[in-house]
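Asker: Contents are TSV, C-alpha atoms; file name my_file.tsv:
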chain	number	residue	atom	x	y	z
A	735	MET	CA	27.55	-1.97	-36.66
A	736	ARG	CA	29.30	-3.21	-33.54
A	737	SER	CA	27.76	-0.42	-31.43
A	738	ARG	CA	24.30	-1.34	-32.72
A	739	ILE	CA	24.83	-5.00	-31.74
A	740	THR	CA	26.10	-3.88	-28.34
A	741	ALA	CA	23.03	-1.68	-27.87
A	742	ILE	CA	20.66	-4.50	-28.90
A	743	ALA	CA	22.47	-6.90	-26.54
A	744	ALA	CA	22.24	-4.39	-23.68
A	745	VAL	CA	18.51	-3.90	-24.29
A	746	ALA	CA	17.99	-7.68	-24.48
A	747	ILE	CA	19.85	-8.22	-21.18
A	748	LEU	CA	17.84	-5.45	-19.50
A	749	ALA	CA	14.56	-6.81	-20.90
A	750	THR	CA	15.43	-10.31	-19.65
A	751	GLY	CA	16.19	-8.86	-16.24
A	752	PHE	CA	12.84	-7.11	-16.09
A	753	ALA	CA	11.05	-10.21	-17.35
A	754	PHE	CA	12.57	-12.34	-14.59
A	755	ALA	CA	11.86	-9.64	-12.01
A	756	SER	CA	8.20	-9.54	-12.95
A	757	GLU	CA	7.95	-13.36	-13.04
A	758	ASP	CA	9.36	-13.59	-9.52
A	759	THR	CA	6.62	-11.45	-8.05
A	760	ARG	CA	3.38	-13.24	-7.28
A	761	TRP	CA	0.32	-11.07	-7.04
A	762	VAL	CA	-2.83	-11.38	-4.98
A	763	ASN	CA	-5.73	-9.87	-6.90
A	764	VAL	CA	-9.17	-9.05	-5.61
A	765	LYS	CA	-11.99	-7.70	-7.75
A	766	VAL	CA	-15.32	-6.68	-6.27
A	767	THR	CA	-18.17	-5.67	-8.53
A	768	GLU	CA	-21.04	-4.22	-6.60
A	769	HIS	CA	-24.36	-4.37	-8.43
A	770	SER	CA	-26.65	-1.74	-6.91
A	771	GLU	CA	-24.31	1.26	-7.37
A	772	GLY	CA	-22.14	-0.23	-10.09
A	773	THR	CA	-18.95	0.24	-8.08
A	774	ASN	CA	-15.86	-1.73	-9.05
A	775	VAL	CA	-12.92	-2.20	-6.73
A	776	GLU	CA	-9.71	-3.83	-7.91
A	777	VAL	CA	-6.83	-4.58	-5.58
A	778	HIS	CA	-3.54	-5.84	-6.95
A	779	LEU	CA	-0.93	-6.48	-4.26
A	780	PRO	CA	2.39	-8.30	-4.24
A	781	LEU	CA	2.14	-11.46	-2.14
A	782	ASN	CA	5.27	-10.46	-0.22
A	783	LEU	CA	3.66	-7.19	0.81
A	784	VAL	CA	0.53	-8.94	2.04
A	785	LEU	CA	2.67	-11.40	4.00
A	786	SER	CA	4.89	-8.81	5.61
A	787	VAL	CA	1.86	-6.78	6.68
A	788	LEU	CA	0.06	-9.89	7.94
A	789	LYS	CA	3.07	-10.92	10.00
A	790	SER	CA	3.14	-7.49	11.65
A	791	VAL	CA	-0.47	-7.51	12.83
A	792	ASP	CA	-0.90	-8.37	16.49
A	793	VAL	CA	-4.47	-7.82	17.65
A	794	GLU	CA	-6.97	-9.66	19.81
A	795	ASN	CA	-7.36	-12.95	17.93
A	796	PHE	CA	-4.75	-12.45	15.26
A	797	HIS	CA	-1.12	-12.75	16.25
A	798	ARG	CA	1.46	-12.25	13.51
A	799	GLY	CA	-0.31	-14.44	10.98
A	800	HIS	CA	-1.74	-16.88	13.55
A	801	VAL	CA	-5.48	-16.89	14.20
A	802	ASP	CA	-7.00	-18.25	17.43
A	803	LEU	CA	-9.51	-20.92	16.45
A	804	ASP	CA	-11.06	-21.33	19.89
A	805	ILE	CA	-11.39	-25.10	19.48
A	806	ASP	CA	-9.65	-26.24	22.64
A	807	ASP	CA	-12.41	-28.74	23.40
A	808	VAL	CA	-12.08	-30.52	20.07
A	809	ASP	CA	-9.51	-33.28	20.02
A	810	ILE	CA	-8.43	-33.66	16.41
A	811	ASP	CA	-5.15	-34.89	15.02
A	812	TRP	CA	-4.91	-32.21	12.36
A	813	VAL	CA	-1.74	-33.55	10.77
A	814	GLU	CA	-3.23	-37.00	10.28
A	815	MET	CA	-6.56	-35.67	9.10
A	816	LEU	CA	-5.05	-33.27	6.56
A	817	ALA	CA	-2.69	-35.96	5.28
A	818	ALA	CA	-5.65	-38.28	4.79
A	819	VAL	CA	-7.54	-35.62	2.90
A	820	LYS	CA	-4.51	-34.88	0.75
A	821	ASP	CA	-3.89	-38.54	-0.12
A	822	ALA	CA	-7.55	-39.36	-0.75
A	823	PRO	CA	-8.42	-40.39	-4.30
A	824	ASP	CA	-10.42	-38.11	-6.57
A	825	GLY	CA	-14.08	-38.06	-5.80
A	826	GLN	CA	-17.03	-36.36	-4.21
A	827	PHE	CA	-16.36	-36.06	-0.46
A	828	VAL	CA	-19.25	-34.04	0.87
A	829	THR	CA	-22.68	-33.27	-0.49
A	830	VAL	CA	-25.16	-31.30	1.55
A	831	GLU	CA	-28.56	-30.40	0.23
A	832	SER	CA	-30.72	-28.24	2.45
A	833	SER	CA	-33.32	-25.51	2.17
A	834	ASP	CA	-30.61	-22.94	3.03
A	835	ALA	CA	-27.82	-24.02	0.73
A	836	ASN	CA	-26.25	-26.81	-1.26
A	837	VAL	CA	-22.66	-27.63	-0.44
A	838	SER	CA	-20.29	-29.82	-2.37
A	839	VAL	CA	-16.67	-30.73	-1.65
A	840	ARG	CA	-14.77	-32.75	-4.20
A	841	LYS	CA	-11.25	-33.55	-5.29
A	842	GLU	CA	-10.45	-33.63	-8.96
A	843	GLY	CA	-7.12	-33.72	-10.78
A	844	GLY	CA	-5.03	-32.48	-7.85
A	845	THR	CA	-7.45	-29.71	-6.91
A	846	PHE	CA	-10.05	-29.36	-4.19
A	847	PHE	CA	-13.31	-27.75	-5.21
A	848	ILE	CA	-15.69	-26.39	-2.60
A	849	ASP	CA	-18.99	-25.10	-3.97
A	850	VAL	CA	-21.67	-23.45	-1.89
A	851	ASP	CA	-24.97	-22.45	-3.50
A	852	GLU	CA	-27.04	-20.36	-1.16
A	853	ILE	CA	-30.74	-20.83	-1.79
A	854	ASP	CA	-32.14	-18.11	0.45
A	855	GLY	CA	-31.04	-14.52	0.97
A	856	GLU	CA	-28.53	-13.17	-1.51
A	857	GLN	CA	-28.41	-16.49	-3.39
A	858	ALA	CA	-24.66	-16.41	-3.31
A	859	LYS	CA	-22.67	-18.94	-5.25
A	860	VAL	CA	-19.27	-19.45	-3.67
A	861	LYS	CA	-16.59	-21.44	-5.44
A	862	VAL	CA	-13.26	-22.19	-3.82
A	863	GLN	CA	-10.53	-24.09	-5.60
A	864	LEU	CA	-7.27	-25.03	-3.95
A	865	PRO	CA	-4.40	-27.20	-5.08
A	866	VAL	CA	-3.94	-30.36	-3.01
A	867	GLU	CA	-0.52	-29.06	-1.92
A	868	PHE	CA	-2.38	-26.41	0.06
A	869	MET	CA	-3.05	-29.09	2.69
A	870	ASP	CA	0.68	-29.09	3.51
A	871	ALA	CA	0.45	-25.42	4.43
A	872	ILE	CA	-2.40	-25.85	6.89
A	873	TYR	CA	-0.89	-25.97	10.32
A	874	ILE	CA	-2.67	-25.75	13.64
A	875	ASN	CA	-0.39	-25.50	16.64
A	876	GLU	CA	-0.88	-26.75	20.20
A	877	GLU	CA	-2.52	-23.46	21.17
A	878	SER	CA	-5.23	-24.07	18.55
A	879	GLN	CA	-3.93	-21.31	16.32
A	880	ILE	CA	-4.03	-21.71	12.57
A	881	ASP	CA	-1.10	-20.27	10.66
A	882	ILE	CA	-2.75	-18.06	8.04
A	883	ALA	CA	0.59	-16.58	7.00
A	884	ALA	CA	1.94	-20.03	6.11
A	885	MET	CA	-1.21	-20.75	4.11
A	886	LEU	CA	-0.81	-17.51	2.22
A	887	GLU	CA	2.88	-18.18	1.75
A	888	SER	CA	1.97	-21.42	-0.02
A	889	PHE	CA	0.14	-19.37	-2.66
A	890	ASP	CA	3.59	-18.61	-3.98
A	891	LYS	CA	3.77	-22.17	-5.32
A	892	PHE	CA	0.25	-22.17	-6.78
A	893	PRO	CA	-0.35	-21.93	-10.49
A	894	ASN	CA	-2.02	-18.75	-11.73
A	895	GLY	CA	-5.77	-18.86	-11.36
A	896	ASP	CA	-8.86	-18.26	-9.29
A	897	ILE	CA	-8.87	-19.12	-5.58
A	898	VAL	CA	-12.31	-17.86	-4.62
A	899	THR	CA	-15.22	-16.53	-6.62
A	900	VAL	CA	-18.49	-15.31	-5.14
A	901	GLU	CA	-21.51	-14.40	-7.21
A	902	SER	CA	-24.44	-12.92	-5.37
A	903	SER	CA	-27.31	-10.53	-5.93
A	904	ASP	CA	-25.31	-7.89	-4.01
A	905	ALA	CA	-21.87	-8.19	-5.50
A	906	ASP	CA	-19.45	-10.44	-7.33
A	907	VAL	CA	-16.06	-11.11	-5.81
A	908	ARG	CA	-13.07	-12.75	-7.43
A	909	VAL	CA	-9.79	-13.54	-5.68
A	910	TRP	CA	-6.99	-14.90	-7.81
A	911	ILE	CA	-3.26	-15.40	-7.88
A	912	GLU	CA	-0.97	-14.56	-10.75
B	1011	MET	CA	45.57	57.44	7.14
B	1012	ARG	CA	42.27	55.89	6.23
B	1013	GLN	CA	42.49	52.15	5.60
B	1014	ARG	CA	40.60	50.65	2.69
B	1015	GLY	CA	38.78	47.38	3.22
B	1016	MET	CA	35.78	45.94	4.94
B	1017	SER	CA	34.69	46.30	8.51
B	1018	THR	CA	34.25	43.13	10.62
B	1019	PHE	CA	30.52	43.75	10.92
B	1020	GLY	CA	30.18	44.20	7.17
B	1021	GLY	CA	32.16	41.03	6.58
B	1022	ILE	CA	29.95	39.01	8.90
B	1023	LEU	CA	26.84	40.47	7.30
B	1024	LEU	CA	28.06	39.70	3.80
B	1025	ALA	CA	29.15	36.18	4.73
B	1026	GLY	CA	25.77	35.56	6.36
B	1027	LEU	CA	23.98	36.84	3.30
B	1028	ALA	CA	26.17	34.75	1.01
B	1029	GLY	CA	25.51	31.70	3.19
B	1030	MET	CA	21.76	32.30	3.07
B	1031	MET	CA	21.85	32.74	-0.68
B	1032	THR	CA	23.93	29.59	-1.18
B	1033	ALA	CA	21.57	27.62	1.06
B	1034	ALA	CA	18.59	29.01	-0.84
B	1035	VAL	CA	20.14	27.94	-4.14
B	1036	VAL	CA	21.13	24.42	-3.09
B	1037	THR	CA	18.10	23.63	-0.94
B	1038	ASP	CA	14.70	22.42	-2.09
B	1039	TRP	CA	11.97	24.99	-2.51
B	1040	MET	CA	8.33	24.44	-1.88
B	1041	ILE	CA	5.96	26.44	-4.02
B	1042	ILE	CA	2.36	26.76	-2.95
B	1043	ASP	CA	0.16	27.97	-5.74
B	1044	VAL	CA	-3.46	28.88	-5.07
B	1045	GLN	CA	-5.82	30.09	-7.78
B	1046	ILE	CA	-9.28	31.16	-6.79
B	1047	ALA	CA	-11.77	31.76	-9.57
B	1048	ASP	CA	-15.07	33.55	-9.05
B	1049	PRO	CA	-16.37	35.67	-7.40
B	1050	ASP	CA	-13.03	37.31	-6.50
B	1051	PRO	CA	-10.35	35.88	-8.75
B	1052	MET	CA	-7.03	35.65	-7.01
B	1053	HIS	CA	-3.68	33.99	-7.68
B	1054	ILE	CA	-1.32	33.49	-4.76
B	1055	ARG	CA	2.09	31.96	-5.27
B	1056	VAL	CA	4.26	31.41	-2.22
B	1057	PRO	CA	7.73	30.00	-2.82
B	1058	PHE	CA	9.88	29.31	0.21
B	1059	PRO	CA	13.06	27.33	0.79
B	1060	LEU	CA	12.45	24.25	2.90
B	1061	PHE	CA	15.43	24.93	5.14
B	1062	ILE	CA	13.80	28.16	6.31
B	1063	ALA	CA	10.63	26.27	7.23
B	1064	ASP	CA	12.79	23.66	8.97
B	1065	VAL	CA	14.65	26.38	10.91
B	1066	ALA	CA	11.38	28.17	11.72
B	1067	SER	CA	9.86	24.95	13.08
B	1068	SER	CA	12.68	24.74	15.62
B	1069	PHE	CA	11.26	27.89	17.25
B	1070	VAL	CA	7.97	26.16	18.00
B	1071	PRO	CA	7.90	25.74	21.80
B	1072	LYS	CA	8.64	22.17	22.86
B	1073	GLU	CA	5.70	22.24	25.26
B	1074	ALA	CA	3.29	22.92	22.41
B	1075	LEU	CA	4.54	19.87	20.52
B	1076	GLU	CA	4.46	17.69	23.63
B	1077	GLU	CA	0.81	18.56	24.10
B	1078	THR	CA	-0.10	17.05	20.74
B	1079	THR	CA	-1.11	13.50	21.45
B	1080	ILE	CA	-0.66	10.74	18.91
B	1081	PRO	CA	-3.57	8.26	18.98
B	1082	PRO	CA	-2.44	5.06	20.75
B	1083	GLU	CA	-3.61	3.02	17.72
B	1084	VAL	CA	-0.93	4.69	15.62
B	1085	THR	CA	1.84	3.87	18.08
B	1086	ALA	CA	0.52	0.34	18.55
B	1087	ASN	CA	0.69	-0.25	14.80
B	1088	LYS	CA	4.18	1.12	14.35
B	1089	GLU	CA	5.60	-2.21	13.22
B	1090	LEU	CA	2.71	-2.80	10.83
B	1091	ILE	CA	3.02	0.65	9.27
B	1092	LEU	CA	6.78	0.32	8.82
B	1093	ALA	CA	6.38	-3.17	7.35
B	1094	ALA	CA	3.73	-1.94	4.91
B	1095	ILE	CA	5.89	0.94	3.70
B	1096	THR	CA	8.98	-1.27	3.40
B	1097	GLY	CA	6.91	-3.85	1.51
B	1098	LEU	CA	5.59	-1.18	-0.82
B	1099	LEU	CA	9.09	0.12	-1.49
B	1100	ASP	CA	10.22	-3.39	-2.40
B	1101	ALA	CA	7.19	-3.99	-4.64
B	1102	PRO	CA	7.39	-3.53	-8.38
B	1103	ASP	CA	5.63	-0.54	-9.94
B	1104	THR	CA	1.96	-1.20	-10.47
B	1105	ALA	CA	-1.59	0.02	-9.92
B	1106	LEU	CA	-2.36	-1.29	-6.43
B	1107	VAL	CA	-5.95	-0.23	-5.98
B	1108	LYS	CA	-8.58	0.98	-8.42
B	1109	VAL	CA	-12.05	2.06	-7.42
B	1110	ASP	CA	-14.54	2.91	-10.11
B	1111	ALA	CA	-17.73	4.26	-8.53
B	1112	PRO	CA	-20.49	6.27	-10.19
B	1113	ASP	CA	-19.36	9.47	-8.46
B	1114	ALA	CA	-15.60	8.96	-8.25
B	1115	GLN	CA	-12.62	7.11	-9.63
B	1116	VAL	CA	-9.73	6.40	-7.32
B	1117	GLU	CA	-6.39	4.93	-8.23
B	1118	VAL	CA	-3.45	4.19	-5.95
B	1119	SER	CA	-0.28	3.25	-7.78
B	1120	LYS	CA	3.29	2.62	-6.88
B	1121	MET	CA	5.75	4.42	-9.13
B	1122	GLY	CA	9.42	4.18	-8.22
B	1123	ASP	CA	9.79	5.27	-4.61
B	1124	ASN	CA	6.48	7.10	-4.68
B	1125	LEU	CA	2.89	6.24	-3.95
B	1126	TRP	CA	0.67	8.06	-6.40
B	1127	ILE	CA	-2.94	8.75	-5.48
B	1128	SER	CA	-5.46	10.00	-7.96
B	1129	VAL	CA	-9.05	10.88	-7.12
B	1130	ASP	CA	-11.43	12.04	-9.83
B	1131	ALA	CA	-14.67	12.93	-8.13
B	1132	ASP	CA	-17.64	14.77	-9.58
B	1133	ASP	CA	-16.67	18.00	-7.86
B	1134	ALA	CA	-12.89	17.76	-7.53
B	1135	LYS	CA	-9.74	16.22	-8.90
B	1136	VAL	CA	-6.91	15.41	-6.53
B	1137	ARG	CA	-3.45	14.13	-7.37
B	1138	CYS	CA	-1.00	13.34	-4.61
B	1139	THR	CA	2.53	11.98	-4.67
B	1140	ILE	CA	3.83	10.48	-1.44
B	1141	PRO	CA	7.57	9.83	-1.27
B	1142	LEU	CA	7.58	6.41	0.40
B	1143	ASP	CA	11.31	6.43	1.08
B	1144	GLY	CA	10.96	9.83	2.74
B	1145	VAL	CA	8.02	8.67	4.84
B	1146	LEU	CA	9.95	5.55	5.93
B	1147	HIS	CA	13.04	7.60	6.75
B	1148	ALA	CA	10.94	10.06	8.78
B	1149	LEU	CA	8.97	7.36	10.62
B	1150	GLU	CA	12.12	5.42	11.50
B	1151	LYS	CA	13.52	8.54	13.17
B	1152	TRP	CA	10.26	9.49	14.87
B	1153	ASP	CA	9.57	8.68	18.54
B	1154	TRP	CA	5.88	7.79	17.77
B	1155	GLN	CA	4.83	9.68	20.90
B	1156	THR	CA	4.49	13.37	20.02
B	1157	PHE	CA	4.15	15.32	16.79
B	1158	ASP	CA	7.49	16.30	15.36
B	1159	PRO	CA	7.74	18.83	12.48
B	1160	ASP	CA	10.82	16.94	11.31
B	1161	LEU	CA	8.40	14.27	10.09
B	1162	ILE	CA	7.36	16.65	7.33
B	1163	PHE	CA	10.82	17.90	6.47
B	1164	ASP	CA	12.42	14.45	6.53
B	1165	THR	CA	9.68	13.25	4.19
B	1166	LEU	CA	9.96	16.20	1.85
B	1167	GLY	CA	13.74	15.98	1.90
B	1168	LYS	CA	13.53	12.70	-0.01
B	1169	ALA	CA	10.75	13.79	-2.38
B	1170	ASP	CA	11.42	14.21	-6.08
B	1171	ASN	CA	11.11	17.66	-7.58
B	1172	GLY	CA	7.71	18.17	-9.11
B	1173	PRO	CA	4.09	18.27	-8.02
B	1174	LEU	CA	3.33	16.89	-4.55
B	1175	VAL	CA	-0.35	17.72	-4.40
B	1176	THR	CA	-2.73	19.25	-6.89
B	1177	VAL	CA	-6.37	19.90	-6.21
B	1178	GLU	CA	-8.82	21.19	-8.81
B	1179	VAL	CA	-12.29	21.98	-7.57
B	1180	ASP	CA	-15.19	22.36	-9.99
B	1181	ASP	CA	-15.70	26.02	-8.97
B	1182	GLY	CA	-12.37	26.80	-10.63
B	1183	THR	CA	-10.24	26.80	-7.49
B	1184	LYS	CA	-6.84	25.22	-8.01
B	1185	VAL	CA	-4.25	24.44	-5.38
B	1186	ALA	CA	-0.83	23.04	-6.18
B	1187	VAL	CA	2.07	22.21	-3.91
B	1188	ASN	CA	5.26	21.70	-5.86
B	1189	LEU	CA	8.81	20.92	-4.89
B	1190	TRP	CA	11.52	22.59	-6.88
Could you write out this structure as structure tokens?
Answerer:
Amino acid sequence: MRSRITAIAAVAILATGFAFASEDTRWVNVKVTEHSEGTNVEVHLPLNLVLSVLKSVDVENFHRGHVDLDIDDVDIDWVEMLAAVKDAPDGQFVTVESSDANVSVRKEGGTFFIDVDEIDGEQAKVKVQLPVEFMDAIYINEESQIDIAAMLESFDKFPNGDIVTVESSDADVRVWIE
Amino acid sequence: MRQRGMSTFGGILLAGLAGMMTAAVVTDWMIIDVQIADPDPMHIRVPFPLFIADVASSFVPKEALEETTIPPEVTANKELILAAITGLLDAPDTALVKVDAPDAQVEVSKMGDNLWISVDADDAKVRCTIPLDGVLHALEKWDWQTFDPDLIFDTLGKADNGPLVTVEVDDGTKVAVNLW
């Protein structure tokens, strides 16, 4: 009897360990469904892996997670602007209606929603949703480089859910965190 | 009076043979198995101990290896490649990539210290196990300038026993590379 209890306890401890291990890992998922050929691509990568790879890339405009924005001429106080956006009350911020596309940017219940409905071409519908806290992770340094790695790092604190979805006549794309 | 015993030469020969046999028993073996179906059915099975291949590779002239040039993109991305492999080793086991196309299904999974690649195409099935810890060990030792056969043996040295690569072609040809 005692050995059975010991075995059950050991299994329970191991199972708890595995459960915590799997909860600790955040995953970046990408699913692409291509319509013409019917090809599906699913990518399921640990966030840490994506980050460590990103921080090792040093190419022309991408330096260890920093991307050159080439906006030297624009004089913007990014910190102030992003703080203002973050602290803004819920509401519709931007609405653009044109013959090319309709764009909408709104804040609702602690989340930013950016919707783009392309009217011409592939008639893509792009939906981006980001927690307000994401604004804290946007950092542009004095050399006009945006820190993509820091933005991605902030995904670690996001709740599970979609980040970007694209529906078009060509393909559907879904990017989500879990 | 004639002395009984073993001559020095015989002793050396026997010791050498015993050493070879011991090394062959304790070392990993690679078994290459090729089956060709029609029109001329053939089954070739070549087992060889890895240490012999390792020793044989040391006879390859240094100049020949120095002539092999590694593309500069590979060397430039050394840090990225090492980071990716380290990240993969630290990652939990999971299916990393799945591609489901009309003419092929591809899956790349991480299982333990191995990267497992499966390709099911219309005309062939390929299964490949890559020992990530072996690859990392080999790449960390490598100079990233010239081809070094040790890359292969350092990688294989950390591989689990079992199938490394299997290929099945729709004409009946089968190729398997196993470690034993």
Asker: Could the residues of chain A within 12 Å of chain B, counting all atoms listed in the file, be given as an NGL selection string, please?
Answerer: :A and (752-793 or 797-798)
Asker: As a ChimeraX atom specification, please: the residues near Val850 (chain A) (cut-off 9 Å, only C-alpha atoms, same-chain neighbours under 5 positions excluded).
Answerer: /A:835-839,858-862
Asker: Restricted to C-alpha atoms, what would the selected residues look like written as a short mmCIF file (atom, residue, chain, number, x, y, z; two decimals), in the frame of the given file?
Answerer:
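Saved result, part00.cif, follows:
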data_model
loop_
_atom_site.label_atom_id
_atom_site.label_comp_id
_atom_site.auth_asym_id
_atom_site.auth_seq_id
_atom_site.Cartn_x
_atom_site.Cartn_y
_atom_site.Cartn_z
CA ALA A 835 -27.82 -24.02 0.73
CA ASN A 836 -26.25 -26.81 -1.26
CA VAL A 837 -22.66 -27.63 -0.44
CA SER A 838 -20.29 -29.82 -2.37
CA VAL A 839 -16.67 -30.73 -1.65
CA ALA A 858 -24.66 -16.41 -3.31
CA LYS A 859 -22.67 -18.94 -5.25
CA VAL A 860 -19.27 -19.45 -3.67
CA LYS A 861 -16.59 -21.44 -5.44
CA VAL A 862 -13.26 -22.19 -3.82
#
Asker: Taking (-11.9, -18.2, -7.5) in the file's own coordinates, collect the residues within 12 Å, counting all atoms listed in the file, and hand them back as a PyMOL selection string.
Answerer: chain A and resi 762-765+846-849+859-865+894-901+906-912
Asker: Identify, on the basis of all atoms listed in the file, every residue whose closest approach to Leu1075 (chain B) does not exceed 8 Å; exclude the query and any residue fewer than 6 positions from it along the same chain; express the result as an MDAnalysis selection string.
Answerer: chainID B and resid 1156:1158
Asker: Please dump the current selection as a CSV table (one decimal), in the coordinates of the input; keep C-alpha atoms.
Answerer:
chain,number,residue,atom,x,y,z
B,1156,THR,CA,4.5,13.4,20.0
B,1157,PHE,CA,4.2,15.3,16.8
B,1158,ASP,CA,7.5,16.3,15.4
Asker: May I ask for the distance between CA of Pro1082 (chain B) and CA of Ile1140 (chain B), given in Å to one decimal place?
Answerer: 23.7 Å
Asker: So the first atom is CA of Glu1150 (chain B) and the second is CA of Val1084 (chain B); what is the distance between them in Å, to one decimal place?
Answerer: 13.7 Å
Asker: For Ala1074 (chain B), please output as JSON, numbers by chain all residues within 12 Å (counting all atoms listed in the file; exclusion window: fewer than 4 positions along the same chain).
Answerer: {"B": [1067, 1068, 1069, 1070, 1078, 1079, 1156, 1157, 1158, 1159]}
Asker: CA of Thr1037 (chain B) and CA of Trp1126 (chain B) are how many Å apart?
Answerer: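 Straight-line distance from CA of Thr1037 (chain B) to CA of Trp1126 (chain B) works out to 24.0 Å.
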Asker: Quick one: residues within 12 Å of Ala1169 (chain B), all atoms listed in the file, excluding same-chain residues fewer than 6 positions away - as a list in words?
Answerer: Asp1038, Trp1039, Met1040, Leu1060, Gly1122, Asp1123, Asn1124, Leu1125, Cys1138, Thr1139, Ile1140, Pro1141, Leu1142, Asp1143, Gly1144, Val1145, Leu1146, His1147, Ala1148, Ile1162, Phe1163, Val1175, Asn1188, Leu1189 and Trp1190 of chain B
Asker: Would you compute the box with edges along x, y and z of the file around region 1088-1105 of chain B, including every atom the file lists for it and 4 Å extra on each side, and give its centre and edge lengths in Å to one decimal, as AutoDock Vina command-line options?
Answerer:
--center_x 4.3 --center_y -1.4 --center_z 1.9 --size_x 19.8 --size_y 13.1 --size_z 32.8
